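For reference, entry.csv (CSV, C-alpha atoms):
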chain,number,residue,atom,x,y,z
R,840,MET,CA,-39.3,-19.7,-103.6
R,841,ALA,CA,-42.4,-18.6,-101.7
R,842,GLU,CA,-41.9,-15.2,-100.2
R,843,ASN,CA,-43.0,-16.1,-96.7
R,844,LYS,CA,-42.4,-19.8,-96.5
R,845,GLN,CA,-41.1,-20.6,-93.0
R,846,VAL,CA,-37.5,-21.9,-93.1
R,847,ILE,CA,-36.6,-24.3,-90.4
R,848,LEU,CA,-32.9,-24.0,-89.4
R,849,THR,CA,-30.5,-25.1,-86.6
R,850,TYR,CA,-28.2,-22.5,-85.1
R,851,GLU,CA,-25.4,-24.0,-87.3
R,852,GLY,CA,-27.6,-23.4,-90.4
R,853,ILE,CA,-28.3,-19.8,-89.4
R,854,LYS,CA,-24.6,-19.2,-88.9
R,855,LYS,CA,-23.7,-20.7,-92.4
R,856,ILE,CA,-26.3,-18.5,-94.1
R,857,GLU,CA,-25.1,-15.4,-92.2
R,858,GLU,CA,-21.5,-16.1,-93.2
R,859,GLU,CA,-22.4,-16.7,-96.9
R,860,LEU,CA,-24.5,-13.5,-96.9
R,861,GLU,CA,-21.7,-11.5,-95.4
R,862,TYR,CA,-19.2,-12.8,-98.0
R,863,LEU,CA,-21.6,-12.0,-100.8
R,864,LYS,CA,-22.2,-8.5,-99.6
R,865,THR,CA,-18.7,-7.6,-98.7
R,866,VAL,CA,-16.4,-9.5,-101.0
R,867,LYS,CA,-18.3,-10.9,-104.0
R,868,ARG,CA,-20.2,-7.7,-104.7
R,869,LYS,CA,-16.9,-5.7,-104.9
R,870,GLU,CA,-15.4,-8.4,-107.2
R,871,VAL,CA,-18.3,-8.3,-109.6
R,872,ALA,CA,-18.4,-4.5,-109.6
R,873,GLN,CA,-14.7,-4.5,-110.5
R,874,LYS,CA,-15.3,-7.0,-113.3
R,875,ILE,CA,-18.1,-4.7,-114.7
R,876,LYS,CA,-15.9,-1.7,-114.4
R,877,THR,CA,-13.1,-3.5,-116.3
R,878,ALA,CA,-15.4,-4.7,-119.0
R,879,ILE,CA,-16.8,-1.2,-119.5
R,880,SER,CA,-13.2,0.0,-120.0
R,881,TYR,CA,-13.0,-2.3,-123.1
R,882,GLY,CA,-15.4,0.0,-124.9
R,883,ASP,CA,-18.4,-1.1,-127.1
R,884,LEU,CA,-20.8,-2.9,-124.8
R,885,SER,CA,-22.9,-4.3,-127.6
R,886,GLU,CA,-20.3,-6.9,-128.4
R,887,ASN,CA,-18.6,-7.2,-125.0
R,888,SER,CA,-18.9,-10.7,-123.7
R,889,GLU,CA,-17.0,-9.8,-120.5
R,890,TYR,CA,-19.6,-7.2,-119.7
R,891,ASP,CA,-22.5,-9.6,-120.3
R,892,GLU,CA,-20.8,-12.2,-118.2
R,893,ALA,CA,-20.2,-9.8,-115.3
R,894,LYS,CA,-23.8,-8.5,-115.4
R,895,ASN,CA,-25.1,-12.1,-115.3
R,896,GLU,CA,-22.8,-12.8,-112.4
R,897,GLN,CA,-24.1,-9.6,-110.7
R,898,ALA,CA,-27.7,-10.7,-111.2
R,899,PHE,CA,-26.9,-14.2,-109.7
R,900,VAL,CA,-25.1,-12.6,-106.7
R,901,GLU,CA,-28.0,-10.2,-106.0
R,902,GLY,CA,-30.5,-13.0,-106.4
R,903,ARG,CA,-28.7,-15.1,-103.9
R,904,ILE,CA,-28.4,-12.3,-101.4
R,905,ALA,CA,-32.2,-11.7,-101.7
R,906,THR,CA,-32.8,-15.4,-101.2
R,907,LEU,CA,-30.6,-15.6,-98.1
R,908,GLU,CA,-32.1,-12.5,-96.6
R,909,ASN,CA,-35.6,-13.9,-97.1
R,910,MET,CA,-34.5,-17.2,-95.5
R,911,LEU,CA,-33.2,-15.4,-92.4
R,912,LYS,CA,-36.3,-13.2,-92.3
R,913,ASN,CA,-38.6,-16.3,-92.3
R,914,ALA,CA,-36.3,-18.5,-90.2
R,915,LYS,CA,-37.6,-20.7,-87.3
R,916,VAL,CA,-34.6,-21.7,-85.3
R,917,ILE,CA,-34.6,-25.1,-83.7
R,918,ASP,CA,-33.2,-24.8,-80.2
R,919,GLU,CA,-31.0,-27.6,-79.1
R,920,GLU,CA,-33.0,-28.0,-75.9
R,921,ASP,CA,-36.2,-28.4,-77.8
R,922,ILE,CA,-34.9,-31.4,-79.8
R,923,LYS,CA,-36.8,-34.5,-78.6
R,924,THR,CA,-35.0,-37.8,-78.3
R,925,ASP,CA,-38.1,-40.0,-77.8
R,926,VAL,CA,-39.2,-39.5,-81.4
R,927,VAL,CA,-37.4,-38.5,-84.6
R,928,SER,CA,-37.7,-34.8,-85.1
R,929,ILE,CA,-35.9,-31.9,-86.8
R,930,GLY,CA,-32.5,-31.4,-85.3
R,931,CYS,CA,-32.0,-34.9,-84.0
R,932,ILE,CA,-29.4,-37.5,-85.1
R,933,VAL,CA,-31.0,-40.8,-85.8
R,934,LYS,CA,-29.0,-44.0,-86.1
R,935,VAL,CA,-30.6,-46.6,-88.4
R,936,LYS,CA,-29.9,-50.1,-89.7
R,937,ASP,CA,-30.7,-51.0,-93.3
R,938,LEU,CA,-32.5,-54.3,-92.8
R,939,GLU,CA,-31.6,-55.5,-96.3
R,940,TYR,CA,-27.9,-54.9,-96.2
R,941,GLY,CA,-27.2,-54.7,-92.5
R,942,ASP,CA,-25.5,-51.3,-92.8
R,943,GLU,CA,-25.8,-48.9,-89.9
R,944,MET,CA,-25.7,-45.1,-90.5
R,945,GLU,CA,-26.5,-41.9,-88.8
R,946,PHE,CA,-28.7,-39.1,-90.3
R,947,THR,CA,-29.1,-35.6,-89.0
R,948,ILE,CA,-32.7,-34.5,-89.7
R,949,VAL,CA,-32.7,-30.8,-90.8
R,950,GLY,CA,-35.0,-28.4,-92.6
R,951,SER,CA,-34.8,-28.4,-96.4
R,952,ALA,CA,-32.5,-25.3,-96.5
R,953,GLU,CA,-29.7,-27.2,-94.6
R,954,ALA,CA,-29.9,-30.5,-96.3
R,955,ASP,CA,-26.6,-31.9,-97.5
R,956,PHE,CA,-26.7,-35.6,-98.2
R,957,LYS,CA,-22.8,-35.9,-98.4
R,958,LYS,CA,-22.8,-34.8,-94.8
R,959,MET,CA,-25.7,-37.1,-94.0
R,960,LYS,CA,-27.9,-34.1,-93.3
R,961,ILE,CA,-31.3,-35.0,-94.7
R,962,SER,CA,-34.3,-32.8,-95.1
R,963,ASN,CA,-37.5,-33.5,-93.1
R,964,GLU,CA,-39.3,-33.1,-96.5
R,965,ALA,CA,-37.1,-35.7,-98.4
R,966,PRO,CA,-38.5,-39.2,-98.6
R,967,ILE,CA,-36.1,-40.7,-96.0
R,968,GLY,CA,-36.5,-37.7,-93.6
R,969,LYS,CA,-40.3,-37.7,-94.0
R,970,GLY,CA,-40.4,-41.5,-93.4
R,971,LEU,CA,-38.4,-41.3,-90.2
R,972,MET,CA,-40.2,-38.2,-88.7
R,973,GLY,CA,-42.2,-39.1,-85.6
R,974,LYS,CA,-40.9,-42.7,-85.3
R,975,LYS,CA,-39.3,-44.2,-82.2
R,976,VAL,CA,-36.4,-46.4,-81.3
R,977,GLY,CA,-37.2,-50.0,-82.3
R,978,ASP,CA,-39.6,-49.0,-85.1
R,979,LYS,CA,-39.1,-50.6,-88.5
R,980,VAL,CA,-39.9,-48.1,-91.3
R,981,GLU,CA,-40.4,-48.8,-95.0
R,982,ILE,CA,-39.6,-45.8,-97.1
R,983,GLN,CA,-40.3,-45.3,-100.8
R,984,VAL,CA,-37.3,-43.9,-102.5
R,985,PRO,CA,-36.6,-43.4,-106.3
R,986,ASP,CA,-34.8,-46.8,-106.4
R,987,GLY,CA,-37.5,-48.7,-104.6
R,988,THR,CA,-38.2,-49.4,-101.0
R,989,ILE,CA,-35.7,-49.1,-98.1
R,990,THR,CA,-36.5,-50.7,-94.7
R,991,TYR,CA,-34.7,-49.2,-91.7
R,992,GLU,CA,-34.8,-50.1,-88.0
R,993,ILE,CA,-34.3,-47.1,-85.8
R,994,LEU,CA,-31.5,-47.9,-83.3
R,995,GLU,CA,-31.0,-44.6,-81.5
R,996,ILE,CA,-32.2,-41.0,-81.4
R,997,LYS,CA,-30.0,-38.3,-79.9
R,998,ARG,CA,-29.0,-34.7,-79.9
R,999,HIS,CA,-25.7,-33.2,-81.1

Structure rendered as structure tokens:
Amino acid sequence: MAENKQVILTYEGIKKIEEELEYLKTVKRKEVAQKIKTAISYGDLSENSEYDEAKNEQAFVEGRIATLENMLKNAKVIDEEDIKTDVVSIGCIVKVKDLEYGDEMEFTIVGSAEADFKKMKISNEAPIGKGLMGKKVGDKVEIQVPDGTITYEILEIKRH
């Protein structure tokens, strides 16, 4: 991850990152330290898989903490009041209709750090998000995705 890459987040996204960071620093660090202490008590570290596993977990936890701290340091928070509803932008909810199948769905456009397709939160950098950005209600948009081309009609743009 680029050291100073700006990370676009909603207030909800900032809160999630802060909660994960707090958990990692207060709970997970202690758990891993205890695992290392226990593994050391088994003796010979050269053939101690519990020790190796605990040290690997420690490295992962510390790496994740550094990543989250960097994200917060470089965060640009999208204010709810700044979210436009005349065009698709980060932070808005866009209702679209799949013109091939007739399905209607709602996507929340978020920065890449908050993307979660299961929750219909799509990144402004992903093909669908990128294709919808800047479009207006009534626009028909053809978007190249790995499976081919999807055509959406934008039905509504709103805030949370």

Between CA of Asp955 in chain R and CA of Ile993 in chain R, what is the spacing in Å?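 Pair CA of Ile993 in chain R / CA of Asp955 in chain R returns 20.7 Å.
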
Contacts of Ile856 in chain R at 10 Å (all atoms listed in the file; same-chain gap of 3+ positions) as a PyMOL selection string: chain R and resi 848+851-853+859-862+904+907-908+910-911+952-953

Residues from the last selection, C-alpha atoms, saved as an mmCIF file, keeping the file's coordinate frame:
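The file below, part22.cif, is the result:
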data_model
loop_
_atom_site.group_PDB
_atom_site.id
_atom_site.type_symbol
_atom_site.label_atom_id
_atom_site.label_comp_id
_atom_site.auth_asym_id
_atom_site.auth_seq_id
_atom_site.Cartn_x
_atom_site.Cartn_y
_atom_site.Cartn_z
ATOM 1 C CA LEU R 848 -32.900 -24.000 -89.400
ATOM 2 C CA GLU R 851 -25.400 -24.000 -87.300
ATOM 3 C CA GLY R 852 -27.600 -23.400 -90.400
ATOM 4 C CA ILE R 853 -28.300 -19.800 -89.400
ATOM 5 C CA GLU R 859 -22.400 -16.700 -96.900
ATOM 6 C CA LEU R 860 -24.500 -13.500 -96.900
ATOM 7 C CA GLU R 861 -21.700 -11.500 -95.400
ATOM 8 C CA TYR R 862 -19.200 -12.800 -98.000
ATOM 9 C CA ILE R 904 -28.400 -12.300 -101.400
ATOM 10 C CA LEU R 907 -30.600 -15.600 -98.100
ATOM 11 C CA GLU R 908 -32.100 -12.500 -96.600
ATOM 12 C CA MET R 910 -34.500 -17.200 -95.500
ATOM 13 C CA LEU R 911 -33.200 -15.400 -92.400
ATOM 14 C CA ALA R 952 -32.500 -25.300 -96.500
ATOM 15 C CA GLU R 953 -29.700 -27.200 -94.600
#

Would you mind telling me which residue in R:Glu945, R:Asp925, R:Glu995, R:Glu870 lies nearest to Gln897 in chain R when using only C-alpha atoms? R:Glu870

R:Thr990, R:Ile875, R:Ser880, R:Lys957: which is nearest Ala898 in chain R, counting all atoms listed in the file?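 Under the stated criterion, the closest residue is R:Ile875.
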
Closest to Val935 in chain R among R:Ala893, R:Val949, R:Val980, R:Val871, using only C-alpha atoms?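 Residue with the minimum atom-to-atom distance to Val935 in chain R: R:Val980.
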
Expected answer as a PyMOL selection string: all residues with atoms within 9 Å of (-33.7, -46.0, -97.2), all atoms listed in the file: chain R and resi 937+966-967+970+980-984+987-991

Using C-alpha atoms, can you export the residues from the last selection as a compact mmCIF listing (two decimals), in the frame of the given file?
# COMPACT_ATOMS: atom_id res chain seq x y z
CA ASP R 937 -30.70 -51.00 -93.30
CA PRO R 966 -38.50 -39.20 -98.60
CA ILE R 967 -36.10 -40.70 -96.00
CA GLY R 970 -40.40 -41.50 -93.40
CA VAL R 980 -39.90 -48.10 -91.30
CA GLU R 981 -40.40 -48.80 -95.00
CA ILE R 982 -39.60 -45.80 -97.10
CA GLN R 983 -40.30 -45.30 -100.80
CA VAL R 984 -37.30 -43.90 -102.50
CA GLY R 987 -37.50 -48.70 -104.60
CA THR R 988 -38.20 -49.40 -101.00
CA ILE R 989 -35.70 -49.10 -98.10
CA THR R 990 -36.50 -50.70 -94.70
CA TYR R 991 -34.70 -49.20 -91.70

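Reported to one decimal place, the separation of CA of Gly930 in chain R from CA of Ile917 in chain R is 6.8 Å.
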
Report as a PDB file with C-alpha atoms, keeping the file's coordinate frame all protein, DNA and RNA residues lying within 9 Å of Ile961 in chain R, evaluated on only C-alpha atoms, omitting residues in the same chain fewer than 3 positions from it.
ATOM      1  CA  PHE R 946     -28.700 -39.100 -90.300  1.00  0.00           C
ATOM      2  CA  THR R 947     -29.100 -35.600 -89.000  1.00  0.00           C
ATOM      3  CA  ILE R 948     -32.700 -34.500 -89.700  1.00  0.00           C
ATOM      4  CA  VAL R 949     -32.700 -30.800 -90.800  1.00  0.00           C
ATOM      5  CA  GLY R 950     -35.000 -28.400 -92.600  1.00  0.00           C
ATOM      6  CA  SER R 951     -34.800 -28.400 -96.400  1.00  0.00           C
ATOM      7  CA  GLU R 953     -29.700 -27.200 -94.600  1.00  0.00           C
ATOM      8  CA  ALA R 954     -29.900 -30.500 -96.300  1.00  0.00           C
ATOM      9  CA  ASP R 955     -26.600 -31.900 -97.500  1.00  0.00           C
ATOM     10  CA  PHE R 956     -26.700 -35.600 -98.200  1.00  0.00           C
ATOM     11  CA  LYS R 958     -22.800 -34.800 -94.800  1.00  0.00           C
ATOM     12  CA  GLU R 964     -39.300 -33.100 -96.500  1.00  0.00           C
ATOM     13  CA  ALA R 965     -37.100 -35.700 -98.400  1.00  0.00           C
ATOM     14  CA  ILE R 967     -36.100 -40.700 -96.000  1.00  0.00           C
ATOM     15  CA  GLY R 968     -36.500 -37.700 -93.600  1.00  0.00           C
TER      16      GLY R 968
END

Point-to-point distance in Å for CA of His999 in chain R and CA of Lys912 in chain R: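 Atom-to-atom, CA of Lys912 in chain R and CA of His999 in chain R are spaced 25.3 Å apart.
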
Residue with smallest distance to Glu896 in chain R - pool R:Leu863, R:Met972, R:Ile996, R:Val927, counting all atoms listed in the file: R:Leu863
